[in-house]
$ cat final_9.cif   # mmCIF, C-alpha atoms
data_run
loop_
_atom_site.label_atom_id
_atom_site.label_comp_id
_atom_site.auth_asym_id
_atom_site.auth_seq_id
_atom_site.Cartn_x
_atom_site.Cartn_y
_atom_site.Cartn_z
CA MET A 1 -37.67 31.82 -3.52
CA SER A 2 -35.28 30.10 -1.15
CA ALA A 3 -32.87 27.27 -1.71
CA ALA A 4 -33.23 24.06 0.30
CA SER A 5 -30.49 23.08 2.73
CA ALA A 6 -27.57 21.25 1.26
CA PRO A 7 -27.29 17.55 2.13
CA ALA A 8 -24.51 17.23 4.73
CA ALA A 9 -22.19 14.29 5.16
CA ALA A 10 -19.01 13.50 7.03
CA VAL A 11 -15.98 14.41 4.98
CA ALA A 12 -12.50 13.05 5.57
CA ALA A 13 -9.46 14.17 3.63
CA ALA A 14 -6.26 12.21 4.31
CA PHE A 15 -2.78 13.45 3.43
CA ALA A 16 0.86 13.46 4.53
CA LEU A 17 1.40 16.36 6.90
CA LEU A 18 5.17 16.07 7.18
CA THR A 19 7.75 13.79 5.60
CA LEU A 20 10.69 12.65 7.72
CA THR A 21 13.78 11.72 5.77
CA THR A 22 16.39 10.81 8.35
CA GLY A 23 16.64 7.35 6.86
CA ALA A 24 16.32 5.01 9.84
CA THR A 25 13.72 3.78 12.26
CA ALA A 26 13.87 4.28 16.01
CA GLN A 27 13.90 1.09 18.04
CA GLY A 28 11.40 0.47 20.82
CA PHE A 29 12.60 0.21 24.39
CA GLU A 30 12.78 -3.29 25.83
CA THR A 31 12.21 -3.04 29.57
CA GLN A 32 12.91 -5.58 32.29
CA ALA A 33 10.13 -4.10 34.44
CA ARG A 34 6.87 -5.96 34.93
CA ALA A 35 5.08 -2.72 34.02
CA ALA A 36 6.35 0.60 32.68
CA TYR A 37 5.00 3.95 31.55
CA VAL A 38 6.92 6.90 30.08
CA VAL A 39 5.46 10.28 29.13
CA ASP A 40 6.96 13.46 27.72
CA HIS A 41 5.75 16.31 29.91
CA ASN A 42 5.84 19.12 27.33
CA THR A 43 3.77 17.39 24.66
CA GLY A 44 1.87 14.88 26.79
CA GLN A 45 2.93 12.11 24.41
CA VAL A 46 3.20 8.62 25.86
CA LEU A 47 6.55 7.22 24.77
CA LEU A 48 6.24 3.75 26.32
CA GLU A 49 3.42 1.62 27.67
CA HIS A 50 4.06 -1.84 29.05
CA ASN A 51 1.24 -3.36 31.12
CA ALA A 52 0.40 0.27 31.84
CA ASP A 53 -3.17 -0.38 33.01
CA LEU A 54 -2.50 -3.55 35.00
CA PRO A 55 -3.45 -3.04 38.67
CA LEU A 56 -0.41 -4.01 40.75
CA PRO A 57 0.68 -3.65 44.37
CA PRO A 58 2.32 -0.19 44.39
CA ALA A 59 4.17 -0.43 47.73
CA SER A 60 5.38 2.98 48.94
CA MET A 61 4.71 4.60 45.57
CA SER A 62 1.07 4.81 46.68
CA LYS A 63 2.18 7.42 49.24
CA LEU A 64 2.05 9.82 46.30
CA MET A 65 -1.75 9.70 46.48
CA THR A 66 -1.62 10.66 50.17
CA LEU A 67 0.64 13.58 49.25
CA ASN A 68 -1.78 14.62 46.51
CA MET A 69 -4.56 14.84 49.12
CA VAL A 70 -2.28 16.86 51.41
CA PHE A 71 -1.28 19.31 48.66
CA GLU A 72 -4.93 19.81 47.73
CA ALA A 73 -5.71 20.54 51.38
CA LEU A 74 -2.85 23.03 51.55
CA ASP A 75 -4.15 24.78 48.44
CA ASP A 76 -7.70 25.15 49.74
CA GLY A 77 -6.67 26.11 53.29
CA ARG A 78 -7.71 22.99 55.22
CA LEU A 79 -4.07 22.58 56.24
CA THR A 80 -1.01 24.81 56.46
CA LEU A 81 2.60 23.69 56.38
CA SER A 82 2.96 24.70 60.01
CA THR A 83 -0.16 22.85 61.25
CA PRO A 84 0.84 20.39 64.05
CA LEU A 85 -0.78 16.98 63.85
CA PRO A 86 -1.28 14.29 66.52
CA VAL A 87 0.20 10.81 66.18
CA SER A 88 -2.18 7.94 66.89
CA GLN A 89 -1.13 4.60 68.29
CA HIS A 90 -2.21 3.04 65.02
CA CYS A 91 0.22 5.22 63.04
CA MET A 92 3.02 4.75 65.56
CA ASP A 93 2.69 0.97 65.29
CA TYR A 94 3.60 0.86 61.60
CA GLY A 95 6.89 -0.88 60.91
CA GLY A 96 9.06 -0.84 57.82
CA SER A 97 10.22 2.58 56.63
CA THR A 98 9.52 5.02 59.42
CA MET A 99 9.98 8.54 60.74
CA PHE A 100 10.17 7.03 64.27
CA LEU A 101 7.15 8.98 65.53
CA ASN A 102 5.51 8.38 68.91
CA THR A 103 2.19 9.45 70.39
CA GLN A 104 3.77 12.38 72.25
CA ASP A 105 4.96 13.97 69.01
CA ARG A 106 3.18 16.81 67.23
CA PRO A 107 5.05 17.08 63.93
CA SER A 108 4.09 19.82 61.47
CA VAL A 109 2.56 19.07 58.11
CA GLU A 110 5.78 20.15 56.41
CA GLU A 111 7.86 17.82 58.58
CA LEU A 112 5.49 14.97 57.77
CA VAL A 113 5.61 15.70 54.03
CA ARG A 114 9.41 15.56 54.17
CA GLY A 115 9.14 12.40 56.26
CA VAL A 116 7.03 10.78 53.54
CA VAL A 117 9.12 11.95 50.58
CA VAL A 118 12.65 11.51 51.95
CA LEU A 119 12.25 8.81 54.61
CA SER A 120 9.25 7.03 53.05
CA GLY A 121 7.72 7.02 56.52
CA ASN A 122 4.73 4.72 56.81
CA ASP A 123 3.91 6.42 60.12
CA ALA A 124 4.15 9.92 58.61
CA SER A 125 1.82 8.98 55.75
CA CYS A 126 -0.68 7.52 58.21
CA VAL A 127 -0.69 10.70 60.35
CA LEU A 128 -1.40 12.88 57.31
CA ALA A 129 -4.16 10.54 56.13
CA GLU A 130 -5.91 10.44 59.49
CA ALA A 131 -5.85 14.25 59.64
CA LEU A 132 -7.72 14.46 56.33
CA SER A 133 -10.02 11.46 56.78
CA PRO A 134 -13.77 12.15 57.02
CA ASP A 135 -13.95 9.89 60.10
CA GLY A 136 -10.42 10.35 61.44
CA THR A 137 -9.29 6.85 60.46
CA GLU A 138 -6.78 5.65 57.90
CA THR A 139 -9.46 3.38 56.43
CA GLY A 140 -11.72 6.36 55.87
CA ALA A 141 -8.85 8.22 54.23
CA ALA A 142 -8.22 5.26 51.91
CA ARG A 143 -11.84 5.33 50.74
CA MET A 144 -11.55 9.08 50.15
CA MET A 145 -8.34 8.56 48.19
CA THR A 146 -9.99 5.92 45.99
CA ASP A 147 -12.90 8.25 45.22
CA ARG A 148 -10.54 11.10 44.39
CA ALA A 149 -8.46 8.84 42.17
CA ARG A 150 -11.53 8.11 40.04
CA GLN A 151 -12.20 11.84 39.69
CA LEU A 152 -8.65 12.31 38.42
CA GLY A 153 -9.03 9.56 35.82
CA MET A 154 -7.04 6.98 37.76
CA MET A 155 -9.33 4.06 37.01
CA ASN A 156 -7.03 1.23 38.13
CA SER A 157 -6.24 2.44 41.65
CA THR A 158 -7.86 1.22 44.86
CA PHE A 159 -6.49 2.16 48.27
CA VAL A 160 -6.80 0.18 51.49
CA ASN A 161 -4.29 2.27 53.45
CA SER A 162 -2.27 5.45 53.07
CA ASN A 163 1.22 4.08 52.54
CA GLY A 164 1.23 0.93 50.45
CA TRP A 165 1.58 -1.48 53.35
CA PRO A 166 0.77 -4.91 51.83
CA ALA A 167 -2.98 -5.47 51.89
CA PRO A 168 -5.38 -7.41 49.63
CA GLY A 169 -6.97 -5.12 47.06
CA HIS A 170 -4.49 -2.24 47.48
CA VAL A 171 -3.41 -1.66 43.85
CA MET A 172 -2.40 0.98 41.34
CA SER A 173 -1.42 0.90 37.67
CA VAL A 174 1.77 2.54 36.44
CA ARG A 175 -0.34 4.82 34.22
CA ASP A 176 -2.21 6.04 37.30
CA LEU A 177 1.09 6.71 39.04
CA GLY A 178 2.20 8.62 35.95
CA ILE A 179 -0.96 10.75 36.14
CA LEU A 180 -0.05 11.63 39.73
CA ALA A 181 3.54 12.45 38.83
CA GLU A 182 2.46 14.81 36.06
CA ARG A 183 -0.06 16.37 38.42
CA PHE A 184 2.63 17.24 40.96
CA VAL A 185 4.68 19.02 38.31
CA THR A 186 1.75 20.90 36.80
CA GLU A 187 -0.61 21.59 39.71
CA PHE A 188 1.70 21.79 42.74
CA PRO A 189 4.97 23.44 41.66
CA GLU A 190 5.29 25.19 45.02
CA TYR A 191 5.60 21.83 46.79
CA TYR A 192 7.48 19.91 44.11
CA HIS A 193 10.92 20.83 45.50
CA TYR A 194 10.41 18.39 48.40
CA PHE A 195 10.88 15.47 45.99
CA ALA A 196 14.45 16.53 45.23
CA GLU A 197 15.58 16.56 48.89
CA THR A 198 18.31 14.01 49.45
CA GLU A 199 18.22 13.84 53.25
CA PHE A 200 16.07 14.73 56.24
CA ALA A 201 16.97 13.99 59.86
CA TRP A 202 13.90 14.82 61.91
CA ASP A 203 14.56 15.64 65.57
CA GLY A 204 17.92 13.84 65.35
CA ARG A 205 16.24 10.42 65.30
CA ALA A 206 17.93 7.52 63.50
CA PRO A 207 20.50 9.70 61.68
CA ASP A 208 21.63 6.76 59.55
CA ASN A 209 18.11 6.56 58.11
CA ARG A 210 17.99 10.16 56.84
CA PHE A 211 18.77 9.61 53.15
CA ASN A 212 16.36 9.58 50.21
CA ARG A 213 16.30 6.17 48.51
CA ASN A 214 15.64 7.57 45.02
CA PRO A 215 18.78 6.52 43.10
CA LEU A 216 18.15 9.01 40.30
CA LEU A 217 18.88 12.03 42.48
CA SER A 218 22.60 11.26 42.51
CA MET A 219 23.00 10.33 38.84
CA ASN A 220 23.41 13.85 37.41
CA ILE A 221 20.70 13.30 34.78
CA GLY A 222 18.41 16.15 35.84
CA ALA A 223 16.23 14.00 38.10
CA ASP A 224 14.20 15.85 40.74
CA GLY A 225 11.75 13.23 42.02
CA LEU A 226 9.67 11.37 42.90
CA LYS A 227 9.27 8.13 44.90
CA THR A 228 10.59 4.59 45.28
CA GLY A 229 8.70 1.57 46.50
CA HIS A 230 9.40 -2.01 47.54
CA THR A 231 7.62 -4.97 49.08
CA GLU A 232 8.15 -8.68 48.55
CA GLU A 233 4.93 -8.89 46.53
CA ALA A 234 5.46 -5.71 44.48
CA GLY A 235 9.19 -5.99 43.83
CA TYR A 236 11.17 -2.80 43.37
CA GLY A 237 9.53 0.18 41.69
CA LEU A 238 10.10 3.86 41.08
CA VAL A 239 8.21 6.94 39.94
CA GLY A 240 10.78 9.29 38.42
CA SER A 241 10.92 12.62 36.67
CA ALA A 242 13.88 14.39 35.12
CA MET A 243 14.50 17.68 33.32
CA GLN A 244 17.16 18.24 30.66
CA GLY A 245 17.18 21.57 28.85
CA ASP A 246 13.54 22.52 28.37
CA ARG A 247 12.29 18.92 28.24
CA ARG A 248 10.89 16.89 31.11
CA VAL A 249 10.34 13.13 31.01
CA THR A 250 8.26 11.33 33.65
CA PHE A 251 8.33 7.56 34.02
CA VAL A 252 7.12 4.73 36.21
CA ILE A 253 8.60 1.23 36.52
CA SER A 254 7.39 -1.61 38.71
CA GLY A 255 8.30 -5.19 39.53
CA LEU A 256 12.10 -5.12 39.31
CA ALA A 257 14.06 -7.83 41.11
CA SER A 258 16.53 -5.73 43.12
CA VAL A 259 17.65 -2.25 44.15
CA ALA A 260 20.41 -2.44 41.55
CA ASP A 261 18.00 -3.50 38.80
CA ARG A 262 15.67 -0.62 39.68
CA ALA A 263 18.48 1.94 39.51
CA THR A 264 19.84 0.58 36.24
CA GLU A 265 16.45 0.40 34.56
CA ALA A 266 15.43 3.87 35.73
CA GLU A 267 18.62 5.41 34.33
CA ARG A 268 18.25 3.50 31.05
CA ILE A 269 14.65 4.62 30.61
CA ALA A 270 15.45 8.26 31.38
CA ASN A 271 18.35 8.35 28.94
CA TRP A 272 16.24 6.66 26.26
CA GLY A 273 13.45 9.19 26.69
CA PHE A 274 15.83 12.11 26.23
CA ARG A 275 18.16 10.70 23.56
CA GLN A 276 15.81 8.89 21.20
CA PHE A 277 13.22 11.65 20.70
CA ALA A 278 13.22 15.27 19.57
CA GLU A 279 10.52 17.93 19.51
CA ARG A 280 9.38 19.14 16.09
CA GLN A 281 6.61 21.47 15.05
CA VAL A 282 4.56 19.49 12.56
CA VAL A 283 1.97 22.14 11.68
CA THR A 284 1.45 25.84 12.34
CA ALA A 285 -1.84 27.42 13.37
CA GLY A 286 -3.54 29.00 10.36
CA THR A 287 -1.89 26.74 7.79
CA ILE A 288 -4.59 25.63 5.34
CA VAL A 289 -4.70 21.84 5.28
CA ALA A 290 -8.04 21.25 3.51
CA GLU A 291 -10.69 23.02 1.43
CA ALA A 292 -14.38 22.74 2.31
CA GLU A 293 -17.27 23.43 -0.04
CA VAL A 294 -19.53 26.27 1.17
CA PHE A 295 -23.23 25.99 0.37
CA LEU A 296 -24.92 29.32 -0.46
CA GLY A 297 -21.68 31.21 0.14
CA GLU A 298 -20.40 34.19 -1.80
CA ARG A 299 -17.46 31.91 -2.55
CA PRO A 300 -17.81 28.20 -3.33
CA SER A 301 -15.13 27.00 -0.88
CA VAL A 302 -13.02 28.00 2.10
CA GLY A 303 -9.76 26.85 3.61
CA LEU A 304 -9.63 24.91 6.86
CA ALA A 305 -6.70 25.22 9.26
CA PRO A 306 -5.62 23.89 12.67
CA ALA A 307 -6.55 26.22 15.53
CA GLU A 308 -3.16 25.88 17.22
CA ASP A 309 0.45 25.06 16.57
CA VAL A 310 1.16 21.36 16.90
CA THR A 311 4.49 20.29 18.36
CA MET A 312 5.15 16.58 18.64
CA LEU A 313 7.93 14.50 20.07
CA LEU A 314 9.23 12.36 17.23
CA PRO A 315 11.67 9.47 17.20
CA ALA A 316 15.02 11.04 16.37
CA LEU A 317 15.75 8.45 13.67
CA GLN A 318 12.22 8.03 12.31
CA SER A 319 11.67 7.98 8.54
CA GLY A 320 8.47 8.15 6.52
CA ASP A 321 5.35 10.30 6.63
CA ILE A 322 3.33 11.75 9.45
CA GLU A 323 -0.23 11.17 8.29
CA ALA A 324 -3.10 13.52 8.96
CA GLU A 325 -6.82 13.49 8.28
CA ALA A 326 -9.12 16.50 8.19
CA ILE A 327 -12.60 15.46 9.37
CA TYR A 328 -15.65 17.73 9.13
CA THR A 329 -19.29 17.66 8.07
CA GLY A 330 -19.76 19.28 4.68
CA PRO A 331 -20.64 21.16 2.73
CA LEU A 332 -20.53 24.02 5.24
CA GLU A 333 -23.57 26.28 5.10
CA ALA A 334 -22.94 30.01 4.74
CA PRO A 335 -22.33 32.24 6.51
CA VAL A 336 -19.17 30.88 8.16
CA THR A 337 -16.87 32.94 10.36
CA GLU A 338 -13.10 32.99 10.58
CA GLY A 339 -12.01 30.85 13.54
CA GLN A 340 -15.29 28.89 13.66
CA GLN A 341 -14.57 25.26 14.57
CA VAL A 342 -16.05 22.89 12.02
CA GLY A 343 -14.12 19.67 12.60
CA GLU A 344 -10.82 18.23 13.75
CA LEU A 345 -7.42 17.41 12.37
CA ILE A 346 -6.27 13.91 13.36
CA ILE A 347 -2.49 13.43 13.28
CA ARG A 348 -1.17 9.88 13.16
CA LEU A 349 2.32 8.51 13.73
CA ASP A 350 3.03 4.80 14.04
CA GLY A 351 3.57 3.75 17.64
CA PHE A 352 1.86 6.79 19.19
CA GLU A 353 -1.67 7.73 20.14
CA ASP A 354 -3.51 9.84 17.58
CA ARG A 355 -3.35 13.59 18.22
CA SER A 356 -6.56 15.59 17.70
CA VAL A 357 -6.53 19.34 17.00
CA PRO A 358 -9.55 21.62 16.38
CA LEU A 359 -10.04 22.45 12.69
CA VAL A 360 -11.33 25.97 12.03
CA VAL A 361 -12.42 28.13 9.12
CA ALA A 362 -9.47 30.15 7.81
CA GLU A 363 -11.52 33.18 6.71
CA SER A 364 -15.12 34.34 6.82
CA VAL A 365 -17.50 33.62 3.94
CA ALA A 366 -20.73 35.61 3.79
CA ARG A 367 -24.02 34.29 2.50
CA GLY A 368 -24.33 34.70 -1.24
CA GLY A 369 -26.85 36.94 -3.03
CA PHE A 370 -30.03 36.20 -4.97
CA MET A 371 -28.34 34.58 -7.97
CA VAL A 372 -26.30 32.26 -5.73
CA ARG A 373 -29.50 31.02 -4.11
CA ILE A 374 -31.18 30.59 -7.52
CA ARG A 375 -28.28 28.52 -8.84
CA ALA A 376 -28.21 26.41 -5.66
CA ALA A 377 -31.95 25.74 -5.84
CA PHE A 378 -31.72 24.86 -9.51
CA GLY A 379 -28.83 22.49 -8.82
CA ILE A 380 -30.72 20.70 -6.05
CA VAL A 381 -33.87 20.34 -8.19
CA LEU A 382 -31.87 19.14 -11.18
CA GLY A 383 -30.07 16.60 -9.02
CA GLU A 384 -33.35 15.24 -7.70
CA VAL A 385 -34.78 14.94 -11.24
CA LEU A 386 -31.71 13.18 -12.54
CA GLY A 387 -31.75 10.88 -9.52
CA ARG A 388 -35.35 9.86 -10.12
CA ALA A 389 -34.63 9.32 -13.82
CA ALA A 390 -31.69 7.09 -13.03
CA GLY A 391 -33.80 5.14 -10.58
CA ALA A 392 -36.52 4.64 -13.16
CA GLU A 393 -34.03 3.33 -15.71
CA THR A 394 -32.53 0.79 -13.33
CA GLY A 395 -35.98 -0.22 -12.11
#
$ encode --input "final_9.cif" --output "C-alpha cells"
Amino acid sequence: MSAASAPAAAVAAAFALLTLTTGATAQGFETQARAAYVVDHNTGQVLLEHNADLPLPPASMSKLMTLNMVFEALDDGRLTLSTPLPVSQHCMDYGGSTMFLNTQDRPSVEELVRGVVVLSGNDASCVLAEALSPDGTETGAARMMTDRARQLGMMNSTFVNSNGWPAPGHVMSVRDLGILAERFVTEFPEYYHYFAETEFAWDGRAPDNRFNRNPLLSMNIGADGLKTGHTEEAGYGLVGSAMQGDRRVTFVISGLASVADRATEAERIANWGFRQFAERQVVTAGTIVAEAEVFLGERPSVGLAPAEDVTMLLPALQSGDIEAEAIYTGPLEAPVTEGQQVGELIIRLDGFEDRSVPLVVAESVARGGFMVRIRAAFGIVLGEVLGRAAGAETG
C-alpha cells in the first residue's frame, strides 16, 4: 500500500527578522541634480534613485563605455597597453576636450586611456573606438557599444559616437552609468588606478590642459574616480566612487547648472552615503527562520534557514522592524536533504529594494517507514471523505 502525494501549495510565513531601536528615522537625500543614482558597493544596495532610468545626454561620461570596450579587449588579448594606434583625420578633427593628437601620431593604448580619463580627450576616445570597431569607423564602434550595453543590462543607453559629443539619440541613464562604474571596480581592478590620476601631460602638449577635472580627487574623501561630463544640453555631471574604511560608495549625478554645483553636490552625496548608513548583519546562514511540514518523513517537520549570511546597509538612525517572509511550496515531500533549496527568504526594509536569499533545509529528513505511510494514507482518505460529506451538507 502506498500513500498518495500530499497536496502542495505556496506557503508564506511573515515575521520580523530584526528590530532596530535607535529611535529616529533617517531622512532621504534631496538632490539638486536632474538625475542621481547612489549604490553601496559592498552590499549592492541602491541608496538613492532619482530619475535613475531616464535616458539623458551623458556628455563625456559616455567615454566610460568606450573604456569598458578597451578593457575587455585588453583582457582577451585583442589589445595590449603598448599597442600603437593610428590617428584618423576624423578623430583629429574633434574639438572640445582634446589630447591634441594629429595624424602623424601613433600613441599607445595606455597613453590613449590616460588621455581619455585625465584629459577627457574626444580625439583619444575616437582613436580607441575606431581600433575596436568591426568596420574601422566610430559609427560602427557606437553600434557595437550599444549592443554590448544591452548585454550588460544597460537598457537605457544608446551610443552614436565614442565620446559623448552632442548628437541626437546619444543617451544614457544614470543607473546605466552606475552599472559601468561598479563594473570597473569589480571586473577591471588592474586598470582602475588610471581613474585616480590627477594629471597627464602627453608629449609636452598643452601643459596647462594636463589636469583631471574630477573635483572629488582633491577633496580628501577617499575618491578614486571616475569621470566628469559637460555639454550645454546635458549640464554638468559626474560619475564618482569613493572608499572610506572598508566601504565603497559609487554615485552618478547629471544635469547640474555649474562646475561649482557639480562639485558641491558630489561631495554632499558622498558624505551622505558614508555618514547616514551602517552595515549590519541581519541574519546568519543556518539560522532557522521557519518550519516546514514534511510529508511522509520520519519527522513531521524540518527547519528552514537562509543559505548565506545577509549583511545589509541600514540607515544609521532607522527605527522599527526589518520584515522578512519565508516563501516555499509545502508540505515538503520526504526525503529532503540538508542544504536543499526549497524556497527563498525575502527581506524588506522601507525605502529599499527587497533582498532575496535562498532558503534551504536545515537538516536531512529521511522517508518514514510503513506506519508513517499508513497514517498518511489514512489521513488523506479521511480528509477526502469529510470533504465530500461537508459538500453534501451544504448542497
$ closest_residue --input "final_9.cif" --among "A:Ile288, A:Met65, A:Cys91, A:Val185" --to "A:Arg143" --atoms "only C-alpha atoms"
A:Met65
$ resolve_selection --input "final_9.cif" --expression "the PyMOL selection byres ((chain A and resi 302-313) around 8)" --output "ChimeraX atom specification"
/A:40,43,45,277-294,299-301,314-315,339,344-345,357-363,365
$ residues_around --input "final_9.cif" --residues "A:Val46" --least-positions-apart "3" --cutoff "10 Å" --atoms "all atoms listed in the file" --output "list of chain:residue names"
A:Tyr37, A:Val38, A:Val39, A:Asp40, A:His41, A:Thr43, A:Glu49, A:Arg175, A:Val249, A:Thr250, A:Phe251, A:Leu313, A:Gly351, A:Phe352, A:Glu353
$ atom_distance --input "final_9.cif" --atom1 "atom CA of A:Thr83" --atom2 "atom CA of A:Gly121"
18.3 Å
$ resolve_selection --input "final_9.cif" --expression "the PyMOL selection byres ((chain A and resi 298) around 6)" --output "list in words"
Gly297, Arg299, Ala366, Arg367 and Gly368 of chain A
$ closest_residue --input "final_9.cif" --among "A:Ala181, A:Leu217, A:Leu332, A:Leu152" --to "A:Arg248" --atoms "all atoms listed in the file"
A:Ala181
$ atom_distance --input "final_9.cif" --atom1 "atom CA of A:Tyr192" --atom2 "atom CA of A:Val70"
12.6 Å
$ resolve_selection --input "final_9.cif" --expression "the PyMOL selection byres ((chain A and resi 329) around 9)" --output "ChimeraX atom specification"
/A:8-12,327-328,330-332,342-343
$ closest_residue --input "final_9.cif" --among "A:Met243, A:Ala326, A:Leu47, A:Ala260" --to "A:Ile221" --atoms "all atoms listed in the file"
A:Met243
$ closest_residue --input "final_9.cif" --among "A:Leu216, A:Leu177, A:Ala142, A:Leu296" --to "A:Met69" --atoms "all atoms listed in the file"
A:Ala142
$ atom_distance --input "final_9.cif" --atom1 "atom CA of A:Asp75" --atom2 "atom CA of A:Ala131"
15.5 Å
$ build_atoms --input "final_9.cif" --residues "stretch 150-174 of chain A" --atoms "N, CA and C atoms" --output "PDB file, keeping the file's coordinate frame"
ATOM      1  N   ARG A 150     -10.592   8.251  41.161  1.00  0.00           N
ATOM      2  CA  ARG A 150     -11.530   8.110  40.040  1.00  0.00           C
ATOM      3  C   ARG A 150     -11.803   9.471  39.398  1.00  0.00           C
ATOM      4  N   GLN A 151     -11.946  10.499  40.219  1.00  0.00           N
ATOM      5  CA  GLN A 151     -12.200  11.840  39.690  1.00  0.00           C
ATOM      6  C   GLN A 151     -11.038  12.340  38.845  1.00  0.00           C
ATOM      7  N   LEU A 152      -9.841  11.897  39.151  1.00  0.00           N
ATOM      8  CA  LEU A 152      -8.650  12.310  38.420  1.00  0.00           C
ATOM      9  C   LEU A 152      -8.356  11.419  37.223  1.00  0.00           C
ATOM     10  N   GLY A 153      -9.225  10.449  36.956  1.00  0.00           N
ATOM     11  CA  GLY A 153      -9.030   9.560  35.820  1.00  0.00           C
ATOM     12  C   GLY A 153      -8.148   8.368  36.104  1.00  0.00           C
ATOM     13  N   MET A 154      -7.865   8.114  37.372  1.00  0.00           N
ATOM     14  CA  MET A 154      -7.040   6.980  37.760  1.00  0.00           C
ATOM     15  C   MET A 154      -7.970   5.791  38.017  1.00  0.00           C
ATOM     16  N   MET A 155      -8.268   5.064  36.960  1.00  0.00           N
ATOM     17  CA  MET A 155      -9.330   4.060  37.010  1.00  0.00           C
ATOM     18  C   MET A 155      -8.862   2.702  37.504  1.00  0.00           C
ATOM     19  N   ASN A 156      -7.567   2.533  37.692  1.00  0.00           N
ATOM     20  CA  ASN A 156      -7.030   1.230  38.130  1.00  0.00           C
ATOM     21  C   ASN A 156      -6.322   1.347  39.471  1.00  0.00           C
ATOM     22  N   SER A 157      -6.820   2.248  40.323  1.00  0.00           N
ATOM     23  CA  SER A 157      -6.240   2.440  41.650  1.00  0.00           C
ATOM     24  C   SER A 157      -7.300   2.257  42.722  1.00  0.00           C
ATOM     25  N   THR A 158      -7.002   1.415  43.691  1.00  0.00           N
ATOM     26  CA  THR A 158      -7.860   1.220  44.860  1.00  0.00           C
ATOM     27  C   THR A 158      -6.961   1.208  46.087  1.00  0.00           C
ATOM     28  N   PHE A 159      -7.335   2.007  47.090  1.00  0.00           N
ATOM     29  CA  PHE A 159      -6.490   2.160  48.270  1.00  0.00           C
ATOM     30  C   PHE A 159      -7.154   1.524  49.484  1.00  0.00           C
ATOM     31  N   VAL A 160      -6.356   0.783  50.232  1.00  0.00           N
ATOM     32  CA  VAL A 160      -6.800   0.180  51.490  1.00  0.00           C
ATOM     33  C   VAL A 160      -6.143   0.898  52.661  1.00  0.00           C
ATOM     34  N   ASN A 161      -4.983   1.493  52.419  1.00  0.00           N
ATOM     35  CA  ASN A 161      -4.290   2.270  53.450  1.00  0.00           C
ATOM     36  C   ASN A 161      -3.609   3.451  52.794  1.00  0.00           C
ATOM     37  N   SER A 162      -2.848   4.205  53.574  1.00  0.00           N
ATOM     38  CA  SER A 162      -2.270   5.450  53.070  1.00  0.00           C
ATOM     39  C   SER A 162      -0.858   5.323  52.548  1.00  0.00           C
ATOM     40  N   ASN A 163      -0.230   4.161  52.739  1.00  0.00           N
ATOM     41  CA  ASN A 163       1.220   4.080  52.540  1.00  0.00           C
ATOM     42  C   ASN A 163       1.710   2.910  51.713  1.00  0.00           C
ATOM     43  N   GLY A 164       0.811   2.065  51.260  1.00  0.00           N
ATOM     44  CA  GLY A 164       1.230   0.930  50.450  1.00  0.00           C
ATOM     45  C   GLY A 164       1.625  -0.296  51.240  1.00  0.00           C
ATOM     46  N   TRP A 165       1.343  -0.278  52.556  1.00  0.00           N
ATOM     47  CA  TRP A 165       1.580  -1.480  53.350  1.00  0.00           C
ATOM     48  C   TRP A 165       0.808  -2.642  52.717  1.00  0.00           C
ATOM     49  N   PRO A 166       1.440  -3.820  52.557  1.00  0.00           N
ATOM     50  CA  PRO A 166       0.770  -4.910  51.830  1.00  0.00           C
ATOM     51  C   PRO A 166      -0.614  -5.210  52.395  1.00  0.00           C
ATOM     52  N   ALA A 167      -1.600  -5.204  51.502  1.00  0.00           N
ATOM     53  CA  ALA A 167      -2.980  -5.470  51.890  1.00  0.00           C
ATOM     54  C   ALA A 167      -3.736  -5.934  50.655  1.00  0.00           C
ATOM     55  N   PRO A 168      -4.588  -6.952  50.781  1.00  0.00           N
ATOM     56  CA  PRO A 168      -5.380  -7.410  49.630  1.00  0.00           C
ATOM     57  C   PRO A 168      -6.212  -6.264  49.054  1.00  0.00           C
ATOM     58  N   GLY A 169      -6.155  -6.125  47.732  1.00  0.00           N
ATOM     59  CA  GLY A 169      -6.970  -5.120  47.060  1.00  0.00           C
ATOM     60  C   GLY A 169      -6.346  -3.745  46.961  1.00  0.00           C
ATOM     61  N   HIS A 170      -5.169  -3.543  47.561  1.00  0.00           N
ATOM     62  CA  HIS A 170      -4.490  -2.240  47.480  1.00  0.00           C
ATOM     63  C   HIS A 170      -3.630  -2.256  46.211  1.00  0.00           C
ATOM     64  N   VAL A 171      -4.083  -1.570  45.157  1.00  0.00           N
ATOM     65  CA  VAL A 171      -3.410  -1.660  43.850  1.00  0.00           C
ATOM     66  C   VAL A 171      -3.422  -0.313  43.144  1.00  0.00           C
ATOM     67  N   MET A 172      -2.455  -0.151  42.263  1.00  0.00           N
ATOM     68  CA  MET A 172      -2.400   0.980  41.340  1.00  0.00           C
ATOM     69  C   MET A 172      -1.774   0.489  40.030  1.00  0.00           C
ATOM     70  N   SER A 173      -2.106   1.162  38.933  1.00  0.00           N
ATOM     71  CA  SER A 173      -1.420   0.900  37.670  1.00  0.00           C
ATOM     72  C   SER A 173      -0.299   1.916  37.500  1.00  0.00           C
ATOM     73  N   VAL A 174       0.678   1.593  36.658  1.00  0.00           N
ATOM     74  CA  VAL A 174       1.770   2.540  36.440  1.00  0.00           C
ATOM     75  C   VAL A 174       1.269   3.778  35.690  1.00  0.00           C
TER      76      VAL A 174
END
